[in-house]
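Text of run.txt (compact mmCIF, C-alpha atoms) as supplied:
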# COMPACT_ATOMS: atom_id res chain seq x y z
CA MET A 10 -1.16 32.85 7.29
CA SER A 11 -2.52 34.26 4.04
CA ASN A 12 -0.02 32.21 2.01
CA VAL A 13 -1.11 28.89 3.49
CA ARG A 14 -2.87 26.75 0.90
CA SER A 15 -6.48 25.93 1.63
CA ASP A 16 -7.35 22.25 1.81
CA LYS A 17 -9.99 20.68 -0.38
CA PRO A 18 -11.60 17.26 -0.18
CA PHE A 19 -10.31 14.32 -2.18
CA THR A 20 -13.22 13.56 -4.50
CA LEU A 21 -13.60 10.96 -7.24
CA ALA A 22 -16.73 10.33 -9.30
CA GLY A 23 -18.81 12.40 -6.90
CA ARG A 24 -17.60 10.59 -3.76
CA THR A 25 -15.38 12.13 -1.12
CA PHE A 26 -12.71 10.07 0.62
CA GLN A 27 -10.86 10.78 3.85
CA SER A 28 -7.77 8.71 3.03
CA ARG A 29 -5.47 9.82 0.22
CA LEU A 30 -3.73 6.45 0.15
CA LEU A 31 -4.97 3.92 -2.41
CA VAL A 32 -3.58 0.41 -2.17
CA GLY A 33 -3.30 -2.66 -4.36
CA THR A 34 -4.31 -6.14 -3.30
CA GLY A 35 -1.72 -8.32 -5.03
CA LYS A 36 1.61 -9.84 -3.97
CA TYR A 37 0.70 -10.60 -0.35
CA ARG A 38 1.36 -14.03 1.17
CA ASP A 39 -2.33 -14.77 1.61
CA LEU A 40 -5.73 -13.14 1.94
CA GLU A 41 -5.34 -12.69 5.68
CA GLU A 42 -2.16 -10.65 5.29
CA THR A 43 -3.92 -8.67 2.57
CA ARG A 44 -6.77 -7.88 4.95
CA LEU A 45 -4.52 -6.87 7.84
CA ALA A 46 -2.22 -4.69 5.76
CA ILE A 47 -5.06 -2.83 4.10
CA GLU A 48 -6.77 -2.26 7.43
CA ALA A 49 -3.50 -0.87 8.80
CA SER A 50 -3.13 1.47 5.83
CA GLY A 51 -6.45 3.19 6.49
CA ALA A 52 -7.14 3.10 2.75
CA GLU A 53 -10.73 3.36 1.57
CA ILE A 54 -10.05 2.54 -2.10
CA VAL A 55 -8.46 -0.79 -3.02
CA THR A 56 -7.48 -1.69 -6.55
CA VAL A 57 -7.95 -5.20 -7.91
CA ALA A 58 -6.40 -6.78 -10.99
CA VAL A 59 -9.45 -8.41 -12.55
CA ARG A 60 -7.37 -10.70 -14.78
CA ARG A 61 -5.42 -12.09 -11.82
CA THR A 62 -7.75 -11.93 -8.83
CA ASN A 63 -11.02 -13.72 -8.17
CA ILE A 64 -13.84 -11.28 -7.41
CA GLY A 65 -16.57 -13.73 -8.33
CA GLN A 66 -15.63 -14.87 -11.83
CA ASN A 67 -14.27 -18.17 -10.47
CA PRO A 68 -16.98 -19.75 -8.26
CA GLY A 69 -15.66 -22.11 -5.62
CA GLU A 70 -12.28 -20.36 -5.31
CA PRO A 71 -11.30 -17.93 -2.53
CA ASN A 72 -12.88 -14.56 -3.27
CA LEU A 73 -11.03 -11.35 -2.43
CA LEU A 74 -14.34 -9.64 -1.69
CA ASP A 75 -14.83 -11.97 1.28
CA VAL A 76 -11.98 -10.20 3.12
CA LEU A 77 -12.38 -6.77 1.49
CA PRO A 78 -16.16 -6.34 1.28
CA PRO A 79 -17.50 -3.67 -1.11
CA ASP A 80 -19.70 -2.25 1.66
CA ARG A 81 -16.51 -1.27 3.51
CA TYR A 82 -14.09 -0.51 0.68
CA THR A 83 -14.48 1.12 -2.70
CA ILE A 84 -13.28 -1.52 -5.14
CA LEU A 85 -11.23 -0.12 -8.01
CA PRO A 86 -10.95 -2.79 -10.74
CA ASN A 87 -7.84 -2.36 -12.88
CA THR A 88 -6.72 -3.68 -16.22
CA ALA A 89 -3.25 -4.85 -15.14
CA GLY A 90 -1.90 -7.41 -17.59
CA CYS A 91 -3.60 -5.85 -20.61
CA TYR A 92 -1.41 -4.94 -23.59
CA ASP A 93 -3.94 -3.43 -25.99
CA ALA A 94 -7.06 -1.30 -25.88
CA VAL A 95 -9.47 -4.08 -26.84
CA GLU A 96 -8.30 -6.27 -23.96
CA ALA A 97 -8.50 -3.41 -21.49
CA VAL A 98 -12.03 -2.42 -22.50
CA ARG A 99 -13.19 -6.04 -22.26
CA THR A 100 -11.71 -6.34 -18.77
CA CYS A 101 -13.46 -3.18 -17.55
CA ARG A 102 -16.79 -4.42 -18.88
CA LEU A 103 -16.29 -7.75 -17.11
CA ALA A 104 -15.54 -5.92 -13.86
CA ARG A 105 -18.70 -3.82 -14.20
CA GLU A 106 -20.71 -6.99 -14.67
CA LEU A 107 -19.14 -8.71 -11.66
CA LEU A 108 -19.58 -5.64 -9.43
CA ASP A 109 -23.22 -4.93 -10.27
CA GLY A 110 -22.81 -1.94 -12.55
CA HIS A 111 -19.77 -0.41 -10.83
CA ASN A 112 -18.32 2.24 -13.19
CA LEU A 113 -15.15 3.34 -11.39
CA VAL A 114 -12.12 1.69 -13.02
CA LYS A 115 -8.37 2.09 -13.24
CA LEU A 116 -7.17 1.84 -16.82
CA GLU A 117 -3.65 0.66 -17.53
CA VAL A 118 -2.45 -0.61 -20.89
CA LEU A 119 1.12 -1.85 -20.77
CA ALA A 120 3.74 -1.66 -23.49
CA ASP A 121 5.89 -4.68 -22.58
CA GLN A 122 6.62 -7.11 -19.77
CA LYS A 123 10.15 -5.87 -19.11
CA THR A 124 9.35 -2.26 -18.21
CA LEU A 125 5.56 -2.36 -17.65
CA PHE A 126 5.67 1.15 -19.07
CA PRO A 127 2.31 2.44 -20.31
CA ASN A 128 1.50 2.15 -24.01
CA VAL A 129 0.06 5.64 -24.34
CA ILE A 130 -1.37 5.11 -27.82
CA GLU A 131 -3.43 2.12 -26.72
CA THR A 132 -4.26 3.87 -23.45
CA LEU A 133 -5.73 6.84 -25.32
CA LYS A 134 -7.79 4.50 -27.52
CA ALA A 135 -9.16 2.59 -24.53
CA ALA A 136 -9.89 5.76 -22.58
CA GLN A 137 -12.02 7.14 -25.41
CA VAL A 138 -14.12 3.97 -25.60
CA LEU A 139 -14.54 3.62 -21.84
CA VAL A 140 -15.53 7.25 -21.26
CA LYS A 141 -18.16 6.99 -24.02
CA ASP A 142 -19.35 3.75 -22.40
CA GLY A 143 -20.09 5.55 -19.13
CA PHE A 144 -17.06 4.49 -17.09
CA ASP A 145 -15.36 6.77 -14.56
CA VAL A 146 -11.79 6.26 -15.72
CA MET A 147 -8.70 6.74 -13.57
CA VAL A 148 -5.76 6.25 -15.90
CA TYR A 149 -2.17 5.07 -15.43
CA THR A 150 0.08 7.00 -17.76
CA SER A 151 3.61 8.16 -18.46
CA ASP A 152 5.00 11.34 -16.94
CA ASP A 153 4.40 13.19 -20.22
CA PRO A 154 2.40 16.37 -19.44
CA ILE A 155 0.93 16.44 -22.97
CA ILE A 156 -0.48 12.91 -22.70
CA ALA A 157 -1.80 13.67 -19.21
CA ARG A 158 -3.59 16.73 -20.60
CA GLN A 159 -5.09 14.74 -23.48
CA LEU A 160 -6.38 12.03 -21.16
CA ALA A 161 -8.11 14.66 -19.02
CA GLU A 162 -9.60 16.26 -22.15
CA ILE A 163 -10.98 12.87 -23.22
CA GLY A 164 -12.88 12.75 -19.94
CA CYS A 165 -10.78 10.67 -17.54
CA ILE A 166 -11.62 11.65 -13.96
CA ALA A 167 -8.02 11.31 -12.71
CA VAL A 168 -4.58 10.94 -14.27
CA MET A 169 -2.03 8.69 -12.59
CA PRO A 170 1.50 9.27 -13.86
CA LEU A 171 4.21 6.88 -12.79
CA ALA A 172 6.90 8.14 -10.44
CA GLY A 173 9.12 5.18 -11.34
CA LEU A 174 8.64 1.86 -13.08
CA ILE A 175 6.06 -0.47 -11.50
CA GLY A 176 7.45 -2.57 -8.68
CA THR A 177 10.93 -1.01 -8.68
CA GLY A 178 10.67 1.03 -5.49
CA LEU A 179 12.99 3.63 -7.02
CA GLY A 180 10.95 6.51 -5.64
CA ILE A 181 10.08 9.81 -7.32
CA CYS A 182 12.35 9.71 -10.37
CA ASN A 183 10.66 12.52 -12.25
CA PRO A 184 9.64 15.37 -9.87
CA TYR A 185 9.95 18.07 -12.54
CA ASN A 186 7.62 16.42 -15.05
CA LEU A 187 5.18 15.70 -12.24
CA GLN A 188 5.26 19.38 -11.28
CA ILE A 189 4.30 20.39 -14.81
CA ILE A 190 1.42 17.88 -14.83
CA LEU A 191 0.25 19.20 -11.46
CA GLU A 192 0.40 22.84 -12.58
CA GLU A 193 -1.76 22.12 -15.62
CA ALA A 194 -4.13 19.61 -14.03
CA LYS A 195 -7.86 20.05 -14.40
CA VAL A 196 -8.50 16.67 -12.70
CA PRO A 197 -6.92 14.97 -9.67
CA VAL A 198 -3.34 13.77 -10.16
CA LEU A 199 -2.25 10.65 -8.29
CA VAL A 200 1.22 9.15 -8.30
CA ASP A 201 1.00 5.53 -9.40
CA ALA A 202 4.04 3.22 -9.39
CA GLY A 203 7.59 3.62 -8.17
CA VAL A 204 7.03 4.32 -4.48
CA GLY A 205 9.37 2.23 -2.31
CA THR A 206 9.15 3.64 1.19
CA ALA A 207 7.38 6.22 3.31
CA SER A 208 9.60 9.15 2.33
CA ASP A 209 8.71 8.58 -1.35
CA ALA A 210 5.01 8.85 -0.55
CA THR A 211 5.61 12.02 1.44
CA ILE A 212 7.53 13.63 -1.45
CA ALA A 213 4.68 12.84 -3.85
CA MET A 214 2.20 14.52 -1.54
CA GLU A 215 4.49 17.51 -0.92
CA LEU A 216 4.58 18.09 -4.68
CA GLY A 217 0.81 18.55 -4.54
CA CYS A 218 -0.55 15.18 -5.66
CA GLU A 219 -4.10 14.51 -4.57
CA ALA A 220 -3.24 10.96 -3.52
CA VAL A 221 -0.83 8.06 -4.04
CA LEU A 222 -1.52 4.52 -5.19
CA MET A 223 0.88 1.74 -4.23
CA ASN A 224 1.11 -2.02 -3.88
CA SER A 225 4.65 -3.44 -3.95
CA ALA A 226 6.00 -0.92 -1.43
CA ILE A 227 3.71 -2.41 1.20
CA ALA A 228 3.35 -6.02 0.05
CA HIS A 229 7.09 -6.54 -0.49
CA ALA A 230 8.18 -4.87 2.76
CA GLN A 231 9.71 -7.18 5.36
CA ASN A 232 6.74 -6.31 7.57
CA PRO A 233 3.86 -5.32 5.29
CA ILE A 234 1.46 -4.42 8.10
CA LEU A 235 3.97 -2.08 9.73
CA MET A 236 4.83 -0.53 6.36
CA ALA A 237 1.12 0.02 5.69
CA GLN A 238 0.94 2.05 8.91
CA ALA A 239 4.04 4.00 7.91
CA MET A 240 2.51 4.82 4.53
CA LYS A 241 -0.69 6.05 6.17
CA HIS A 242 1.28 8.55 8.27
CA ALA A 243 3.57 9.48 5.35
CA ILE A 244 0.62 10.46 3.18
CA GLU A 245 -0.90 12.53 5.97
CA ALA A 246 2.42 14.25 6.76
CA GLY A 247 3.10 15.03 3.10
CA ARG A 248 -0.34 16.56 2.64
CA LEU A 249 0.06 18.75 5.71
CA ALA A 250 3.52 19.88 4.56
CA TYR A 251 2.12 20.75 1.13
CA LEU A 252 -0.68 22.78 2.67
CA ALA A 253 1.68 24.55 5.06
CA GLY A 254 4.23 25.47 2.39
CA ARG A 255 7.89 24.77 3.05
CA MET A 256 10.45 27.41 3.99
CA PRO A 257 12.58 28.71 1.11
CA LYS A 258 15.93 27.04 0.54
CA LYS A 259 18.98 29.24 1.12
CA LEU A 260 22.62 28.83 0.20
CA TYR A 261 23.92 30.29 3.45
CA ALA A 262 23.03 29.97 7.11
CA SER A 263 20.35 32.06 8.76
CA ALA A 264 20.22 32.40 12.55
CA SER A 265 17.29 30.69 14.17
CA SER A 266 17.07 33.44 16.78
CA PRO A 267 16.90 37.14 15.82
CA LEU A 268 19.87 39.35 16.71
CA ASP A 269 17.74 42.39 17.51
CA GLY A 270 17.80 43.28 21.19
CA LEU A 271 20.83 41.05 21.85
CA ILE A 272 22.44 41.82 25.23
CA LYS A 273 25.90 43.29 24.69

Could the structure of this file be written out as structure tokens, please?
Amino acid sequence: MSNVRSDKPFTLAGRTFQSRLLVGTGKYRDLEETRLAIEASGAEIVTVAVRRTNIGQNPGEPNLLDVLPPDRYTILPNTAGCYDAVEAVRTCRLARELLDGHNLVKLEVLADQKTLFPNVIETLKAAQVLVKDGFDVMVYTSDDPIIARQLAEIGCIAVMPLAGLIGTGLGICNPYNLQIILEEAKVPVLVDAGVGTASDATIAMELGCEAVLMNSAIAHAQNPILMAQAMKHAIEAGRLAYLAGRMPKKLYASASSPLDGLIK
């Protein structure tokens, strides 16, 4: 038992969370399906695209916070749809104003509409400004271990490398780069983007990620509410498997039962 990894709480910006599944709020059929799926997921942190979702900036329109109240969920505003640092910083400041001084944000600065790959140069610029401005920055980034290290050194509280391109559902395309990031990490590492089904989420957790953020994998499932439940269990199973430590892989068979004492 001495080789079993010891568990530690999942903590962000001084707050501890029980669920290691973070979920997005876009792409559902309506607000009711959003509410039901997120309830089924067990998630405590929900991310909101401020440029695309009404959280109070459009009075008179349906407000996401009516179905996902901030006294029940930790709202994680994100800068989805931003393509330069200036735009991203402005969006975070708007979110802080709308959410009464809320400093926890997810920074993503995209390079182009075709790949939605992160523009790491603009991401680094925005991260520097936001950290100096008092934000607790969780940051979407490439799977480059050097960039991940630099973002942590700037002061980001979590780095969120993609496992695959946003919305593709291709799964964990880059386990080896993720392993390097995890080995060097001084802050929590969360997989963000690429997850398509429950087994993908489990693999991310088995690698040692602190948590996983997803949206399309649940919202685009044929039954989003059922998939949300599956993801909840997948995250929990992956974490337990990581803590337990898997058996070593072998090229040849090994008998399940010992041969010692075999009746002859």

Just need the box for stretch 233-251 of chain A, edges along x, y and z, holding every atom the file lists for it with 5 Å tacked onto each side, so centre and edge lengths in Å to one decimal, as JSON.
{"center_x": 2.0, "center_y": 7.7, "center_z": 5.4, "size_x": 15.7, "size_y": 36.1, "size_z": 18.6}

Need to verify the contact set: stretch 220-237 of chain A, 6 Å, only C-alpha atoms, exclusion of same-chain residues closer than 4 positions in sequence. Can you return it as an NGL selection string?
:A and (29-33 or 36-37 or 46 or 49-50 or 176 or 199-201 or 205)

Would you mind exporting the chosen residues as a short mmCIF file (atom, residue, chain, number, x, y, z; two decimals), keeping the file's coordinate frame, restricted to C-alpha atoms?
data_model
loop_
_atom_site.label_atom_id
_atom_site.label_comp_id
_atom_site.auth_asym_id
_atom_site.auth_seq_id
_atom_site.Cartn_x
_atom_site.Cartn_y
_atom_site.Cartn_z
CA ARG A 29 -5.47 9.82 0.22
CA LEU A 30 -3.73 6.45 0.15
CA LEU A 31 -4.97 3.92 -2.41
CA VAL A 32 -3.58 0.41 -2.17
CA GLY A 33 -3.30 -2.66 -4.36
CA LYS A 36 1.61 -9.84 -3.97
CA TYR A 37 0.70 -10.60 -0.35
CA ALA A 46 -2.22 -4.69 5.76
CA ALA A 49 -3.50 -0.87 8.80
CA SER A 50 -3.13 1.47 5.83
CA GLY A 176 7.45 -2.57 -8.68
CA LEU A 199 -2.25 10.65 -8.29
CA VAL A 200 1.22 9.15 -8.30
CA ASP A 201 1.00 5.53 -9.40
CA GLY A 205 9.37 2.23 -2.31
#

So which residues are close to (-11.3, 3.3, -22.5), meaning at most 10 Å away in the file's coordinates with only C-alpha atoms counted, and can you show them as a PyMOL selection string?
chain A and resi 94-95+97-99+101+114-118+131-148+163-165

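By all atoms listed in the file, and with residues fewer than 5 positions from A:Thr124 along its chain excluded, the set lying at most 12 Å from it is Leu119, Ser151, Leu171, Gly173, Leu174, Ile175, Gly176, Thr177, Ala202 and Gly203 of chain A.
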
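Omitting A:Thr25 and its sequence neighbours fewer than 6 positions away, and counting all atoms listed in the file, the residues within 12 Å are Lys17, Pro18, Phe19, Glu53, Ile54 and Thr83 of chain A.
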
Counting all atoms listed in the file, write as a PyMOL selection string all protein and nucleic acid residues lying at most 8 Å from (-0.9, 15.1, -17.9) in the file's frame.
chain A and resi 152-161+168+170+190-191+193-194

Using all atoms listed in the file, which of A:Gly90, A:Asn128, A:Gln66, A:Gln188 sits nearest A:Arg105?
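So, comparing all the options, the nearest one is A:Gln66.
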
I'd like the neighbourhood of stretch 73-75 of chain A as number ranges by chain, where a residue qualifies if any of its atoms comes within 12 Å (using only C-alpha atoms), though same-chain residues fewer than 2 positions away should be ignored.
A: 33-35, 37, 39-44, 55-59, 61-68, 70-71, 77-86, 107-108

Residue subset to file, keeping C-alpha atoms, as a compact mmCIF listing (two decimals), in the frame of the given file:
# COMPACT_ATOMS: atom_id res chain seq x y z
CA GLY A 33 -3.30 -2.66 -4.36
CA THR A 34 -4.31 -6.14 -3.30
CA GLY A 35 -1.72 -8.32 -5.03
CA TYR A 37 0.70 -10.60 -0.35
CA ASP A 39 -2.33 -14.77 1.61
CA LEU A 40 -5.73 -13.14 1.94
CA GLU A 41 -5.34 -12.69 5.68
CA GLU A 42 -2.16 -10.65 5.29
CA THR A 43 -3.92 -8.67 2.57
CA ARG A 44 -6.77 -7.88 4.95
CA VAL A 55 -8.46 -0.79 -3.02
CA THR A 56 -7.48 -1.69 -6.55
CA VAL A 57 -7.95 -5.20 -7.91
CA ALA A 58 -6.40 -6.78 -10.99
CA VAL A 59 -9.45 -8.41 -12.55
CA ARG A 61 -5.42 -12.09 -11.82
CA THR A 62 -7.75 -11.93 -8.83
CA ASN A 63 -11.02 -13.72 -8.17
CA ILE A 64 -13.84 -11.28 -7.41
CA GLY A 65 -16.57 -13.73 -8.33
CA GLN A 66 -15.63 -14.87 -11.83
CA ASN A 67 -14.27 -18.17 -10.47
CA PRO A 68 -16.98 -19.75 -8.26
CA GLU A 70 -12.28 -20.36 -5.31
CA PRO A 71 -11.30 -17.93 -2.53
CA LEU A 77 -12.38 -6.77 1.49
CA PRO A 78 -16.16 -6.34 1.28
CA PRO A 79 -17.50 -3.67 -1.11
CA ASP A 80 -19.70 -2.25 1.66
CA ARG A 81 -16.51 -1.27 3.51
CA TYR A 82 -14.09 -0.51 0.68
CA THR A 83 -14.48 1.12 -2.70
CA ILE A 84 -13.28 -1.52 -5.14
CA LEU A 85 -11.23 -0.12 -8.01
CA PRO A 86 -10.95 -2.79 -10.74
CA LEU A 107 -19.14 -8.71 -11.66
CA LEU A 108 -19.58 -5.64 -9.43

Distance criterion (all atoms listed in the file): nearest to A:Glu192 out of A:Leu216, A:Ile47, A:Ala262, A:Leu103:
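Between A:Leu216, A:Ile47, A:Ala262, A:Leu103, the residue approaching A:Glu192 most closely is A:Leu216.
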
Separation of atom CA of A:Ile166 from atom CA of A:Leu45, in Å and rounded to one decimal
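Interatomic distance here is 29.5 Å.
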
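Going from atom CA of A:Ala207 over to atom CA of A:Ala239, you cover 6.1 Å.
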
Point-to-point distance in Å for atom CA of A:Ala253 and atom CA of A:Arg14:
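Between these atoms lies a distance of 6.5 Å.
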
Polymer residues at most 10 Å from A:Thr211, all atoms listed in the file, same-chain spacing of 6 or more positions, as a ChimeraX atom specification
/A:204,218,221,240-251

Because the input lacks atoms here, generate N, CA, C and O atoms for stretch 42-61 of chain A and report them as a compact mmCIF listing (two decimals), in the frame of the given file.
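This went into rebuild22.txt:
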# COMPACT_ATOMS: atom_id res chain seq x y z
N GLU A 42 -3.14 -11.74 5.26
CA GLU A 42 -2.16 -10.65 5.29
C GLU A 42 -2.65 -9.46 4.48
O GLU A 42 -2.44 -8.30 4.87
N THR A 43 -3.32 -9.74 3.37
CA THR A 43 -3.92 -8.67 2.57
C THR A 43 -4.88 -7.87 3.43
O THR A 43 -4.83 -6.63 3.46
N ARG A 44 -5.76 -8.56 4.12
CA ARG A 44 -6.77 -7.88 4.95
C ARG A 44 -6.12 -7.02 6.03
O ARG A 44 -6.48 -5.86 6.22
N LEU A 45 -5.15 -7.58 6.73
CA LEU A 45 -4.52 -6.87 7.84
C LEU A 45 -3.74 -5.65 7.36
O LEU A 45 -3.78 -4.59 7.99
N ALA A 46 -3.02 -5.80 6.27
CA ALA A 46 -2.22 -4.69 5.76
C ALA A 46 -3.12 -3.55 5.28
O ALA A 46 -2.84 -2.36 5.56
N ILE A 47 -4.19 -3.88 4.61
CA ILE A 47 -5.06 -2.83 4.10
C ILE A 47 -5.81 -2.15 5.23
O ILE A 47 -6.00 -0.92 5.22
N GLU A 48 -6.19 -2.89 6.24
CA GLU A 48 -6.77 -2.26 7.43
C GLU A 48 -5.79 -1.29 8.06
O GLU A 48 -6.15 -0.17 8.44
N ALA A 49 -4.53 -1.70 8.18
CA ALA A 49 -3.50 -0.87 8.80
C ALA A 49 -3.24 0.40 7.99
O ALA A 49 -2.87 1.44 8.55
N SER A 50 -3.42 0.31 6.69
CA SER A 50 -3.13 1.47 5.83
C SER A 50 -4.17 2.58 5.96
O SER A 50 -3.90 3.72 5.60
N GLY A 51 -5.36 2.22 6.41
CA GLY A 51 -6.45 3.19 6.49
C GLY A 51 -7.05 3.52 5.14
O GLY A 51 -7.90 4.41 5.03
N ALA A 52 -6.64 2.81 4.09
CA ALA A 52 -7.14 3.10 2.75
C ALA A 52 -8.63 2.80 2.64
O ALA A 52 -9.14 1.86 3.27
N GLU A 53 -9.31 3.59 1.84
CA GLU A 53 -10.73 3.36 1.57
C GLU A 53 -10.95 2.81 0.16
O GLU A 53 -11.99 2.23 -0.12
N ILE A 54 -9.96 3.02 -0.72
CA ILE A 54 -10.05 2.54 -2.10
C ILE A 54 -8.98 1.47 -2.30
O ILE A 54 -7.80 1.69 -2.01
N VAL A 55 -9.41 0.30 -2.75
CA VAL A 55 -8.46 -0.79 -3.02
C VAL A 55 -8.60 -1.20 -4.48
O VAL A 55 -9.70 -1.35 -5.00
N THR A 56 -7.45 -1.34 -5.13
CA THR A 56 -7.48 -1.69 -6.55
C THR A 56 -7.23 -3.18 -6.74
O THR A 56 -6.44 -3.79 -6.02
N VAL A 57 -7.93 -3.75 -7.70
CA VAL A 57 -7.95 -5.20 -7.91
C VAL A 57 -7.68 -5.51 -9.38
O VAL A 57 -8.37 -4.98 -10.26
N ALA A 58 -6.69 -6.35 -9.62
CA ALA A 58 -6.40 -6.78 -10.99
C ALA A 58 -7.39 -7.86 -11.39
O ALA A 58 -7.30 -9.01 -10.94
N VAL A 59 -8.34 -7.51 -12.21
CA VAL A 59 -9.45 -8.41 -12.55
C VAL A 59 -8.95 -9.66 -13.26
O VAL A 59 -9.50 -10.75 -13.09
N ARG A 60 -7.88 -9.55 -14.03
CA ARG A 60 -7.37 -10.70 -14.78
C ARG A 60 -6.60 -11.67 -13.90
O ARG A 60 -6.31 -12.79 -14.32
N ARG A 61 -6.25 -11.24 -12.67
CA ARG A 61 -5.42 -12.09 -11.82
C ARG A 61 -6.06 -12.44 -10.48
O ARG A 61 -5.54 -13.27 -9.75
